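Shown below: entry_37.csv, with CSV, N, CA and C atoms.
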```
chain,number,residue,atom,x,y,z
B,27,MET,N,9.3,-13.9,14.6
B,27,MET,CA,8.4,-13.2,15.4
B,27,MET,C,7.2,-12.8,14.5
B,28,GLN,N,6.0,-13.0,15.0
B,28,GLN,CA,4.8,-12.6,14.3
B,28,GLN,C,4.5,-11.1,14.6
B,29,PHE,N,4.2,-10.3,13.5
B,29,PHE,CA,3.9,-8.9,13.7
B,29,PHE,C,2.5,-8.8,14.4
B,30,PRO,N,2.4,-7.9,15.4
B,30,PRO,CA,1.2,-7.9,16.2
B,30,PRO,C,0.0,-7.3,15.4
B,31,ASP,N,-1.2,-7.7,15.8
B,31,ASP,CA,-2.4,-7.1,15.2
B,31,ASP,C,-2.5,-5.7,15.8
B,32,PHE,N,-3.2,-4.8,15.1
B,32,PHE,CA,-3.3,-3.4,15.6
B,32,PHE,C,-4.5,-2.7,15.0
B,33,VAL,N,-5.0,-1.7,15.6
B,33,VAL,CA,-6.0,-0.8,15.1
B,33,VAL,C,-5.5,0.6,15.4
B,34,LEU,N,-5.1,1.4,14.4
B,34,LEU,CA,-4.7,2.8,14.6
B,34,LEU,C,-5.4,3.7,13.6
B,35,ASN,N,-5.5,5.0,14.0
B,35,ASN,CA,-6.1,6.0,13.1
B,35,ASN,C,-5.1,6.5,12.2
B,36,ASP,N,-5.5,6.8,10.9
B,36,ASP,CA,-4.7,7.3,9.9
B,36,ASP,C,-4.7,8.9,9.9
B,37,GLU,N,-4.0,9.4,8.9
B,37,GLU,CA,-3.9,10.9,8.8
B,37,GLU,C,-5.3,11.6,8.7
B,38,ASN,N,-6.3,10.8,8.3
B,38,ASN,CA,-7.7,11.4,8.2
B,38,ASN,C,-8.5,11.1,9.4
B,39,GLY,N,-7.9,10.5,10.4
B,39,GLY,CA,-8.7,10.1,11.6
B,39,GLY,C,-9.5,8.9,11.5
B,40,GLU,N,-9.3,8.2,10.3
B,40,GLU,CA,-10.1,6.9,10.1
B,40,GLU,C,-9.3,5.7,10.6
B,41,SER,N,-10.0,4.8,11.1
B,41,SER,CA,-9.4,3.6,11.7
B,41,SER,C,-8.9,2.6,10.7
B,42,LEU,N,-7.6,2.1,10.9
B,42,LEU,CA,-7.1,1.1,10.0
B,42,LEU,C,-6.8,-0.1,10.9
B,43,ASP,N,-7.5,-1.2,10.6
B,43,ASP,CA,-7.4,-2.5,11.3
B,43,ASP,C,-6.4,-3.4,10.5
B,44,SER,N,-5.4,-3.9,11.2
B,44,SER,CA,-4.4,-4.7,10.5
B,44,SER,C,-5.0,-6.0,9.9
B,45,SER,N,-6.2,-6.4,10.3
B,45,SER,CA,-6.8,-7.6,9.6
B,45,SER,C,-7.1,-7.3,8.2
B,46,PHE,N,-7.2,-6.0,7.8
B,46,PHE,CA,-7.4,-5.6,6.4
B,46,PHE,C,-6.2,-5.9,5.6
B,47,LEU,N,-5.0,-5.9,6.2
B,47,LEU,CA,-3.7,-6.1,5.6
B,47,LEU,C,-3.2,-7.5,5.6
B,48,LYS,N,-4.0,-8.5,6.1
B,48,LYS,CA,-3.5,-9.9,6.1
B,48,LYS,C,-3.2,-10.3,4.7
B,49,GLY,N,-2.1,-11.1,4.6
B,49,GLY,CA,-1.6,-11.6,3.3
B,49,GLY,C,-0.9,-10.6,2.5
B,50,MET,N,-0.5,-9.4,3.0
B,50,MET,CA,0.2,-8.4,2.3
B,50,MET,C,1.6,-8.3,2.9
B,51,ARG,N,2.6,-8.0,2.1
B,51,ARG,CA,3.9,-7.6,2.6
B,51,ARG,C,3.9,-6.2,3.1
B,52,MET,N,4.6,-5.9,4.1
B,52,MET,CA,4.6,-4.5,4.7
B,52,MET,C,6.0,-4.1,5.1
B,53,ILE,N,6.2,-2.8,4.9
B,53,ILE,CA,7.3,-2.1,5.6
B,53,ILE,C,6.6,-1.2,6.6
B,54,VAL,N,7.0,-1.3,7.9
B,54,VAL,CA,6.4,-0.5,8.9
B,54,VAL,C,7.5,0.3,9.6
B,55,CYS,N,7.4,1.6,9.4
B,55,CYS,CA,8.5,2.5,10.0
B,55,CYS,C,7.9,3.2,11.2
B,56,PHE,N,8.6,3.2,12.3
B,56,PHE,CA,8.2,3.9,13.5
B,56,PHE,C,9.0,5.2,13.6
B,57,ILE,N,8.2,6.3,13.7
B,57,ILE,CA,8.8,7.6,13.7
B,57,ILE,C,8.4,8.3,15.0
B,58,PRO,N,9.4,8.8,15.8
B,58,PRO,CA,9.1,9.3,17.1
B,58,PRO,C,8.5,10.7,17.2
B,59,ASP,N,8.5,11.4,16.1
B,59,ASP,CA,7.9,12.8,16.1
B,59,ASP,C,7.8,13.3,14.6
B,60,LEU,N,7.5,14.5,14.5
B,60,LEU,CA,7.4,15.1,13.2
B,60,LEU,C,8.5,16.2,13.0
B,61,GLY,N,9.6,16.0,13.6
B,61,GLY,CA,10.8,16.9,13.5
B,61,GLY,C,11.3,16.9,12.1
B,62,GLU,N,12.3,17.7,11.8
B,62,GLU,CA,12.9,17.8,10.5
B,62,GLU,C,13.5,16.5,9.9
B,63,GLY,N,14.2,15.8,10.7
B,63,GLY,CA,14.7,14.5,10.3
B,63,GLY,C,13.6,13.5,10.0
B,64,SER,N,12.6,13.5,10.8
B,64,SER,CA,11.4,12.6,10.5
B,64,SER,C,10.7,13.0,9.2
B,65,VAL,N,10.5,14.2,9.0
B,65,VAL,CA,9.8,14.6,7.7
B,65,VAL,C,10.7,14.2,6.5
B,66,GLU,N,12.0,14.4,6.7
B,66,GLU,CA,12.9,13.9,5.6
B,66,GLU,C,12.8,12.4,5.4
B,67,GLU,N,12.7,11.6,6.4
B,67,GLU,CA,12.5,10.2,6.3
B,67,GLU,C,11.2,9.9,5.6
B,68,LEU,N,10.1,10.6,6.0
B,68,LEU,CA,8.8,10.3,5.4
B,68,LEU,C,8.9,10.6,3.9
B,69,CYS,N,9.6,11.7,3.5
B,69,CYS,CA,9.7,12.0,2.1
B,69,CYS,C,10.6,11.0,1.4
B,70,ASP,N,11.6,10.5,2.0
B,70,ASP,CA,12.5,9.5,1.4
B,70,ASP,C,11.7,8.2,1.1
B,71,PHE,N,10.9,7.8,2.1
B,71,PHE,CA,10.0,6.6,1.8
B,71,PHE,C,9.0,6.9,0.8
B,72,ASP,N,8.5,8.1,0.7
B,72,ASP,CA,7.5,8.4,-0.3
B,72,ASP,C,8.1,8.3,-1.7
B,73,SER,N,9.4,8.6,-1.8
B,73,SER,CA,10.1,8.6,-3.1
B,73,SER,C,10.3,7.2,-3.6
B,74,ILE,N,10.2,6.2,-2.7
B,74,ILE,CA,10.2,4.8,-3.2
B,74,ILE,C,8.9,4.1,-3.1
B,75,TYR,N,7.9,4.8,-2.9
B,75,TYR,CA,6.5,4.3,-2.7
B,75,TYR,C,6.1,3.5,-3.9
B,76,GLN,N,6.2,4.0,-5.1
B,76,GLN,CA,5.8,3.2,-6.3
B,76,GLN,C,6.6,1.9,-6.5
B,77,LYS,N,7.9,2.0,-6.2
B,77,LYS,CA,8.8,0.8,-6.4
B,77,LYS,C,8.3,-0.3,-5.4
B,78,LEU,N,7.9,0.1,-4.2
B,78,LEU,CA,7.4,-0.8,-3.2
B,78,LEU,C,6.0,-1.4,-3.7
B,79,MET,N,5.1,-0.5,-4.1
B,79,MET,CA,3.8,-0.9,-4.6
B,79,MET,C,3.9,-1.9,-5.7
B,80,ILE,N,4.8,-1.7,-6.6
B,80,ILE,CA,5.0,-2.6,-7.8
B,80,ILE,C,5.3,-4.0,-7.3
B,81,ARG,N,6.0,-4.1,-6.1
B,81,ARG,CA,6.3,-5.4,-5.5
B,81,ARG,C,5.2,-5.8,-4.5
B,82,ASN,N,4.1,-5.2,-4.5
B,82,ASN,CA,3.0,-5.5,-3.7
B,82,ASN,C,3.4,-5.4,-2.2
B,83,ILE,N,4.1,-4.3,-1.9
B,83,ILE,CA,4.5,-4.0,-0.5
B,83,ILE,C,3.8,-2.7,0.0
B,84,VAL,N,3.1,-2.8,1.1
B,84,VAL,CA,2.4,-1.7,1.7
B,84,VAL,C,3.4,-1.0,2.6
B,85,THR,N,3.5,0.3,2.5
B,85,THR,CA,4.3,1.1,3.4
B,85,THR,C,3.5,1.8,4.4
B,86,LEU,N,3.8,1.6,5.7
B,86,LEU,CA,3.0,2.3,6.8
B,86,LEU,C,4.0,3.0,7.6
B,87,MET,N,3.8,4.3,7.8
B,87,MET,CA,4.6,5.2,8.6
B,87,MET,C,3.9,5.4,9.9
B,88,VAL,N,4.3,4.9,11.0
B,88,VAL,CA,3.7,5.0,12.3
B,88,VAL,C,4.3,6.1,13.1
B,89,VAL,N,3.6,7.1,13.4
B,89,VAL,CA,4.2,8.3,13.9
B,89,VAL,C,3.6,8.7,15.3
B,90,LYS,N,4.4,9.1,16.2
B,90,LYS,CA,3.9,9.6,17.5
B,90,LYS,C,3.5,11.1,17.3
B,91,ALA,N,2.3,11.2,16.7
B,91,ALA,CA,1.7,12.5,16.4
B,91,ALA,C,0.2,12.4,16.2
B,92,GLU,N,-0.5,13.5,16.4
B,92,GLU,CA,-1.9,13.5,16.3
B,92,GLU,C,-2.3,13.5,14.8
B,93,CYS,N,-3.5,13.0,14.5
B,93,CYS,CA,-4.0,12.8,13.1
B,93,CYS,C,-4.0,14.2,12.3
B,94,PRO,N,-4.5,15.3,12.9
B,94,PRO,CA,-4.5,16.5,12.1
B,94,PRO,C,-3.0,16.9,11.7
B,95,ASP,N,-2.1,16.7,12.6
B,95,ASP,CA,-0.7,17.0,12.3
B,95,ASP,C,-0.1,16.1,11.2
B,96,LEU,N,-0.5,14.9,11.2
B,96,LEU,CA,-0.2,14.0,10.1
B,96,LEU,C,-0.7,14.4,8.8
B,97,ARG,N,-2.0,14.8,8.8
B,97,ARG,CA,-2.7,15.3,7.6
B,97,ARG,C,-1.9,16.6,7.0
B,98,LYS,N,-1.5,17.5,7.9
B,98,LYS,CA,-0.9,18.7,7.5
B,98,LYS,C,0.5,18.4,6.8
B,99,VAL,N,1.3,17.5,7.4
B,99,VAL,CA,2.5,17.1,6.8
B,99,VAL,C,2.3,16.4,5.5
B,100,MET,N,1.3,15.5,5.4
B,100,MET,CA,1.0,14.8,4.2
B,100,MET,C,0.7,15.8,3.1
B,101,ASP,N,-0.2,16.8,3.4
B,101,ASP,CA,-0.6,17.8,2.4
B,101,ASP,C,0.6,18.7,2.0
B,102,ASP,N,1.3,19.2,3.0
B,102,ASP,CA,2.5,20.1,2.8
B,102,ASP,C,3.5,19.4,1.9
B,103,GLN,N,3.8,18.1,2.1
B,103,GLN,CA,4.9,17.4,1.4
B,103,GLN,C,4.4,16.6,0.2
B,104,GLY,N,3.1,16.5,0.0
B,104,GLY,CA,2.5,15.7,-1.1
B,104,GLY,C,2.8,14.2,-1.0
B,105,LEU,N,2.7,13.7,0.3
B,105,LEU,CA,3.0,12.3,0.5
B,105,LEU,C,1.9,11.4,0.1
B,106,ARG,N,2.3,10.2,-0.3
B,106,ARG,CA,1.4,9.1,-0.7
B,106,ARG,C,1.4,8.0,0.3
B,107,VAL,N,2.5,7.8,1.1
B,107,VAL,CA,2.6,6.7,2.0
B,107,VAL,C,1.5,6.9,3.1
B,108,LYS,N,1.1,5.8,3.7
B,108,LYS,CA,0.0,5.9,4.7
B,108,LYS,C,0.7,6.3,6.0
B,109,LEU,N,0.1,7.3,6.7
B,109,LEU,CA,0.6,7.7,8.0
B,109,LEU,C,-0.4,7.3,9.1
B,110,LEU,N,0.1,6.7,10.1
B,110,LEU,CA,-0.7,6.3,11.2
B,110,LEU,C,-0.3,6.9,12.5
B,111,SER,N,-1.3,7.3,13.3
B,111,SER,CA,-1.0,7.9,14.6
B,111,SER,C,-0.9,6.9,15.7
B,112,ASP,N,0.2,6.9,16.5
B,112,ASP,CA,0.4,6.0,17.6
B,112,ASP,C,0.9,6.8,18.8
B,113,MET,N,0.1,7.7,19.3
B,113,MET,CA,0.5,8.6,20.4
B,113,MET,C,1.0,7.9,21.6
B,114,ASP,N,0.4,6.8,22.0
B,114,ASP,CA,0.9,6.1,23.2
B,114,ASP,C,1.9,5.0,22.9
B,115,GLU,N,2.4,5.0,21.6
B,115,GLU,CA,3.4,4.0,21.2
B,115,GLU,C,3.0,2.5,21.4
B,116,THR,N,1.7,2.3,21.3
B,116,THR,CA,1.2,0.9,21.6
B,116,THR,C,1.8,-0.1,20.6
B,117,LEU,N,1.9,0.2,19.3
B,117,LEU,CA,2.4,-0.7,18.3
B,117,LEU,C,3.9,-0.9,18.4
B,118,VAL,N,4.6,0.2,18.5
B,118,VAL,CA,6.1,0.0,18.6
B,118,VAL,C,6.5,-0.8,19.8
B,119,LYS,N,5.8,-0.6,21.0
B,119,LYS,CA,6.0,-1.4,22.2
B,119,LYS,C,5.6,-2.9,22.0
B,120,ALA,N,4.5,-3.1,21.3
B,120,ALA,CA,4.1,-4.5,21.0
B,120,ALA,C,5.1,-5.2,20.1
B,121,CYS,N,5.9,-4.5,19.4
B,121,CYS,CA,6.9,-5.1,18.5
B,121,CYS,C,8.2,-5.3,19.3
B,122,GLY,N,8.2,-4.8,20.5
B,122,GLY,CA,9.5,-4.9,21.4
B,122,GLY,C,10.5,-3.9,20.9
B,123,LEU,N,10.1,-2.8,20.3
B,123,LEU,CA,11.0,-1.7,19.8
B,123,LEU,C,10.8,-0.4,20.6
B,124,GLU,N,11.6,0.5,20.3
B,124,GLU,CA,11.4,1.9,20.8
B,124,GLU,C,12.1,2.9,19.9
B,125,GLY,N,11.6,4.1,19.9
B,125,GLY,CA,12.2,5.1,19.1
B,125,GLY,C,12.0,4.9,17.6
B,126,ARG,N,13.0,5.2,16.9
B,126,ARG,CA,13.0,5.2,15.4
B,126,ARG,C,13.5,3.8,15.0
B,127,ALA,N,12.6,3.0,14.4
B,127,ALA,CA,12.9,1.6,14.0
B,127,ALA,C,12.0,1.3,12.8
B,128,THR,N,12.4,0.2,12.1
B,128,THR,CA,11.6,-0.2,10.9
B,128,THR,C,11.6,-1.7,10.9
B,129,VAL,N,10.5,-2.3,10.5
B,129,VAL,CA,10.4,-3.7,10.3
B,129,VAL,C,9.8,-4.0,8.9
B,130,MET,N,10.2,-5.2,8.4
B,130,MET,CA,9.7,-5.7,7.1
B,130,MET,C,8.9,-7.0,7.5
B,131,VAL,N,7.7,-7.0,7.0
B,131,VAL,CA,6.8,-8.1,7.3
B,131,VAL,C,6.4,-8.9,6.1
B,132,SER,N,6.5,-10.2,6.2
B,132,SER,CA,6.1,-11.1,5.1
B,132,SER,C,4.6,-11.2,4.9
B,133,LYS,N,4.2,-11.9,3.8
B,133,LYS,CA,2.8,-12.1,3.6
B,133,LYS,C,2.1,-12.9,4.7
B,134,GLU,N,3.0,-13.8,5.4
B,134,GLU,CA,2.5,-14.6,6.5
B,134,GLU,C,2.4,-13.9,7.8
B,135,GLY,N,2.8,-12.6,7.8
B,135,GLY,CA,2.8,-11.8,9.0
B,135,GLY,C,4.0,-12.0,9.9
B,136,GLU,N,5.1,-12.6,9.4
B,136,GLU,CA,6.3,-12.7,10.1
B,136,GLU,C,7.2,-11.5,9.9
B,137,VAL,N,7.9,-11.1,10.9
B,137,VAL,CA,8.9,-10.0,10.8
B,137,VAL,C,10.1,-10.7,10.2
B,138,VAL,N,10.5,-10.2,9.0
B,138,VAL,CA,11.7,-10.8,8.3
B,138,VAL,C,13.0,-10.0,8.4
B,139,SER,N,12.8,-8.7,8.7
B,139,SER,CA,14.0,-7.8,9.0
B,139,SER,C,13.6,-6.7,9.9
B,140,THR,N,14.5,-6.3,10.7
B,140,THR,CA,14.3,-5.2,11.7
B,140,THR,C,15.5,-4.3,11.7
B,141,TRP,N,15.2,-3.0,11.7
B,141,TRP,CA,16.3,-2.0,11.8
B,141,TRP,C,16.0,-1.2,13.1
B,142,ASN,N,16.9,-1.1,14.0
B,142,ASN,CA,16.8,-0.4,15.2
B,142,ASN,C,17.7,0.9,15.2
B,143,ASP,N,17.3,1.9,16.0
B,143,ASP,CA,18.1,3.1,16.1
B,143,ASP,C,18.5,3.6,14.7
B,144,VAL,N,17.5,3.8,13.9
B,144,VAL,CA,17.6,4.2,12.5
B,144,VAL,C,18.1,5.7,12.4
B,145,LYS,N,19.0,6.0,11.5
B,145,LYS,CA,19.3,7.3,11.2
B,145,LYS,C,18.4,7.7,10.0
B,146,PRO,N,17.6,8.8,10.0
B,146,PRO,CA,16.7,9.0,9.0
B,146,PRO,C,17.2,9.2,7.6
B,147,SER,N,18.4,9.9,7.5
B,147,SER,CA,18.9,10.1,6.1
B,147,SER,C,19.5,8.8,5.5
B,148,GLY,N,18.9,8.5,4.4
B,148,GLY,CA,19.4,7.3,3.6
B,148,GLY,C,18.7,6.0,4.1
B,149,HIS,N,17.9,6.0,5.1
B,149,HIS,CA,17.3,4.7,5.6
B,149,HIS,C,16.4,4.1,4.5
B,150,ALA,N,15.6,4.9,3.8
B,150,ALA,CA,14.7,4.3,2.8
B,150,ALA,C,15.5,3.5,1.8
B,151,SER,N,16.7,4.0,1.4
B,151,SER,CA,17.5,3.3,0.4
B,151,SER,C,18.0,1.9,0.9
B,152,VAL,N,18.4,1.9,2.2
B,152,VAL,CA,18.8,0.7,2.9
B,152,VAL,C,17.7,-0.3,2.9
B,153,VAL,N,16.5,0.1,3.2
B,153,VAL,CA,15.3,-0.8,3.3
B,153,VAL,C,15.0,-1.3,1.9
B,154,TYR,N,15.0,-0.4,0.9
B,154,TYR,CA,14.7,-0.8,-0.5
B,154,TYR,C,15.8,-1.8,-1.0
B,155,ASP,N,17.0,-1.7,-0.7
B,155,ASP,CA,18.0,-2.7,-1.1
B,155,ASP,C,17.7,-4.0,-0.5
B,156,LYS,N,17.2,-4.1,0.8
B,156,LYS,CA,16.9,-5.3,1.4
B,156,LYS,C,15.6,-5.9,0.7
B,157,VAL,N,14.7,-5.1,0.4
B,157,VAL,CA,13.5,-5.5,-0.3
B,157,VAL,C,13.9,-6.2,-1.6
B,158,LYS,N,14.8,-5.6,-2.4
B,158,LYS,CA,15.2,-6.1,-3.7
B,158,LYS,C,15.9,-7.5,-3.5
B,159,SER,N,16.6,-7.7,-2.4
B,159,SER,CA,17.3,-8.9,-2.2
B,159,SER,C,16.3,-10.0,-1.7
B,160,LEU,N,15.3,-9.7,-1.0
B,160,LEU,CA,14.3,-10.7,-0.5
B,160,LEU,C,13.2,-11.0,-1.5
B,161,PHE,N,12.7,-10.0,-2.2
B,161,PHE,CA,11.5,-10.1,-3.0
B,161,PHE,C,11.8,-9.7,-4.4
B,162,LYS,N,12.5,-10.6,-5.2
B,162,LYS,CA,12.9,-10.3,-6.5
B,162,LYS,C,11.7,-10.5,-7.5
```

Do you think you could lay out the structure here as structure tokens?
Amino acid sequence: MQFPDFVLNDENGESLDSSFLKGMRMIVCFIPDLGEGSVEELCDFDSIYQKLMIRNIVTLMVVKAECPDLRKVMDDQGLRVKLLSDMDETLVKACGLEGRATVMVSKEGEVVSTWNDVKPSGHASVVYDKVKSLFK
């Protein structure tokens, strides 16, 4: 399956067009809210941010939350991962997913792994283990 094109606003309210990311590997996590488990998951992915960047993998956290709320969480937690607002869940629906899910996307834009009904605690480690097995 090809990952869909998108344009979403980031934590600063600036538009991010997926065409800018063509040719890059991506981890895209869909987060349904900014509750406690969700913030824990954001922090867990932030903890592997550098390990993913070394492998030239962009991490995008797509959250059903307004941009100012994303900025506040980013500042409060000192996050480096990119947060994107998807209030109407356009992107998660375009991927045929719902709720808390994650996809890994190849340089060619193909979805190579999908995790559905994700439990926030420990999910970043599971994704990183898969990254290590695919992109050595």

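Ranking B:Gly122, B:Asp70, B:Glu37, B:Gly135 by their shortest atom-to-atom distance to B:Leu96, with only N, CA and C atoms included, puts B:Glu37 first.
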
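From atom CA of B:Leu105 back to atom CA of B:Glu40, the distance works out to 17.1 Å.
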
Go through stretch 77-111 of chain B and flag each residue having an atom no more than 12 Å from stretch 143-153 of chain B; for those, report the closest pair of atoms plus their distance in Å to one decimal, using only C-alpha atoms, ordered by chain and rising number, as a Markdown table.
```
| residue | atom | partner | partner_atom | distance |
| --- | --- | --- | --- | --- |
| B:Lys77 | CA | B:Ser151 | CA | 11.3 |
| B:Leu78 | CA | B:Val153 | CA | 10.2 |
| B:Ile83 | CA | B:Val153 | CA | 11.9 |
| B:Thr85 | CA | B:Ala150 | CA | 10.9 |
| B:Met87 | CA | B:Ala150 | CA | 11.7 |
```

request  = List every residue of chain B that DSSP, applied to the backbone, labels as alpha helix (DSSP H), and write the result as a VMD selection string.
outcome  = chain B and resid 62 to 73 75 to 80 93 to 103 116 to 120 149 to 160

Residues from last step as file, N, CA and C atoms, as a compact mmCIF listing (two decimals), in the coordinates of the input:
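What follows is the written file part00.txt:
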```txt
# COMPACT_ATOMS: atom_id res chain seq x y z
N GLU B 62 12.30 17.70 11.80
CA GLU B 62 12.90 17.80 10.50
C GLU B 62 13.50 16.50 9.90
N GLY B 63 14.20 15.80 10.70
CA GLY B 63 14.70 14.50 10.30
C GLY B 63 13.60 13.50 10.00
N SER B 64 12.60 13.50 10.80
CA SER B 64 11.40 12.60 10.50
C SER B 64 10.70 13.00 9.20
N VAL B 65 10.50 14.20 9.00
CA VAL B 65 9.80 14.60 7.70
C VAL B 65 10.70 14.20 6.50
N GLU B 66 12.00 14.40 6.70
CA GLU B 66 12.90 13.90 5.60
C GLU B 66 12.80 12.40 5.40
N GLU B 67 12.70 11.60 6.40
CA GLU B 67 12.50 10.20 6.30
C GLU B 67 11.20 9.90 5.60
N LEU B 68 10.10 10.60 6.00
CA LEU B 68 8.80 10.30 5.40
C LEU B 68 8.90 10.60 3.90
N CYS B 69 9.60 11.70 3.50
CA CYS B 69 9.70 12.00 2.10
C CYS B 69 10.60 11.00 1.40
N ASP B 70 11.60 10.50 2.00
CA ASP B 70 12.50 9.50 1.40
C ASP B 70 11.70 8.20 1.10
N PHE B 71 10.90 7.80 2.10
CA PHE B 71 10.00 6.60 1.80
C PHE B 71 9.00 6.90 0.80
N ASP B 72 8.50 8.10 0.70
CA ASP B 72 7.50 8.40 -0.30
C ASP B 72 8.10 8.30 -1.70
N SER B 73 9.40 8.60 -1.80
CA SER B 73 10.10 8.60 -3.10
C SER B 73 10.30 7.20 -3.60
N TYR B 75 7.90 4.80 -2.90
CA TYR B 75 6.50 4.30 -2.70
C TYR B 75 6.10 3.50 -3.90
N GLN B 76 6.20 4.00 -5.10
CA GLN B 76 5.80 3.20 -6.30
C GLN B 76 6.60 1.90 -6.50
N LYS B 77 7.90 2.00 -6.20
CA LYS B 77 8.80 0.80 -6.40
C LYS B 77 8.30 -0.30 -5.40
N LEU B 78 7.90 0.10 -4.20
CA LEU B 78 7.40 -0.80 -3.20
C LEU B 78 6.00 -1.40 -3.70
N MET B 79 5.10 -0.50 -4.10
CA MET B 79 3.80 -0.90 -4.60
C MET B 79 3.90 -1.90 -5.70
N ILE B 80 4.80 -1.70 -6.60
CA ILE B 80 5.00 -2.60 -7.80
C ILE B 80 5.30 -4.00 -7.30
N CYS B 93 -3.50 13.00 14.50
CA CYS B 93 -4.00 12.80 13.10
C CYS B 93 -4.00 14.20 12.30
N PRO B 94 -4.50 15.30 12.90
CA PRO B 94 -4.50 16.50 12.10
C PRO B 94 -3.00 16.90 11.70
N ASP B 95 -2.10 16.70 12.60
CA ASP B 95 -0.70 17.00 12.30
C ASP B 95 -0.10 16.10 11.20
N LEU B 96 -0.50 14.90 11.20
CA LEU B 96 -0.20 14.00 10.10
C LEU B 96 -0.70 14.40 8.80
N ARG B 97 -2.00 14.80 8.80
CA ARG B 97 -2.70 15.30 7.60
C ARG B 97 -1.90 16.60 7.00
N LYS B 98 -1.50 17.50 7.90
CA LYS B 98 -0.90 18.70 7.50
C LYS B 98 0.50 18.40 6.80
N VAL B 99 1.30 17.50 7.40
CA VAL B 99 2.50 17.10 6.80
C VAL B 99 2.30 16.40 5.50
N MET B 100 1.30 15.50 5.40
CA MET B 100 1.00 14.80 4.20
C MET B 100 0.70 15.80 3.10
N ASP B 101 -0.20 16.80 3.40
CA ASP B 101 -0.60 17.80 2.40
C ASP B 101 0.60 18.70 2.00
N ASP B 102 1.30 19.20 3.00
CA ASP B 102 2.50 20.10 2.80
C ASP B 102 3.50 19.40 1.90
N GLN B 103 3.80 18.10 2.10
CA GLN B 103 4.90 17.40 1.40
C GLN B 103 4.40 16.60 0.20
N THR B 116 1.70 2.30 21.30
CA THR B 116 1.20 0.90 21.60
C THR B 116 1.80 -0.10 20.60
N LEU B 117 1.90 0.20 19.30
CA LEU B 117 2.40 -0.70 18.30
C LEU B 117 3.90 -0.90 18.40
N VAL B 118 4.60 0.20 18.50
CA VAL B 118 6.10 0.00 18.60
C VAL B 118 6.50 -0.80 19.80
N LYS B 119 5.80 -0.60 21.00
CA LYS B 119 6.00 -1.40 22.20
C LYS B 119 5.60 -2.90 22.00
N ALA B 120 4.50 -3.10 21.30
CA ALA B 120 4.10 -4.50 21.00
C ALA B 120 5.10 -5.20 20.10
N HIS B 149 17.90 6.00 5.10
CA HIS B 149 17.30 4.70 5.60
C HIS B 149 16.40 4.10 4.50
N ALA B 150 15.60 4.90 3.80
CA ALA B 150 14.70 4.30 2.80
C ALA B 150 15.50 3.50 1.80
N SER B 151 16.70 4.00 1.40
CA SER B 151 17.50 3.30 0.40
C SER B 151 18.00 1.90 0.90
N VAL B 152 18.40 1.90 2.20
CA VAL B 152 18.80 0.70 2.90
C VAL B 152 17.70 -0.30 2.90
N VAL B 153 16.50 0.10 3.20
CA VAL B 153 15.30 -0.80 3.30
C VAL B 153 15.00 -1.30 1.90
N TYR B 154 15.00 -0.40 0.90
CA TYR B 154 14.70 -0.80 -0.50
C TYR B 154 15.80 -1.80 -1.00
N ASP B 155 17.00 -1.70 -0.70
CA ASP B 155 18.00 -2.70 -1.10
C ASP B 155 17.70 -4.00 -0.50
N LYS B 156 17.20 -4.10 0.80
CA LYS B 156 16.90 -5.30 1.40
C LYS B 156 15.60 -5.90 0.70
N VAL B 157 14.70 -5.10 0.40
CA VAL B 157 13.50 -5.50 -0.30
C VAL B 157 13.90 -6.20 -1.60
N LYS B 158 14.80 -5.60 -2.40
CA LYS B 158 15.20 -6.10 -3.70
C LYS B 158 15.90 -7.50 -3.50
N SER B 159 16.60 -7.70 -2.40
CA SER B 159 17.30 -8.90 -2.20
C SER B 159 16.30 -10.00 -1.70
N LEU B 160 15.30 -9.70 -1.00
CA LEU B 160 14.30 -10.70 -0.50
C LEU B 160 13.20 -11.00 -1.50
```

task = Write out as a PyMOL selection string which residues come within 9 Å of B:Met52 when counting only C-alpha atoms, dropping same-chain ones fewer than 3 positions away.
result = chain B and resi 47+82-86+129-133+135
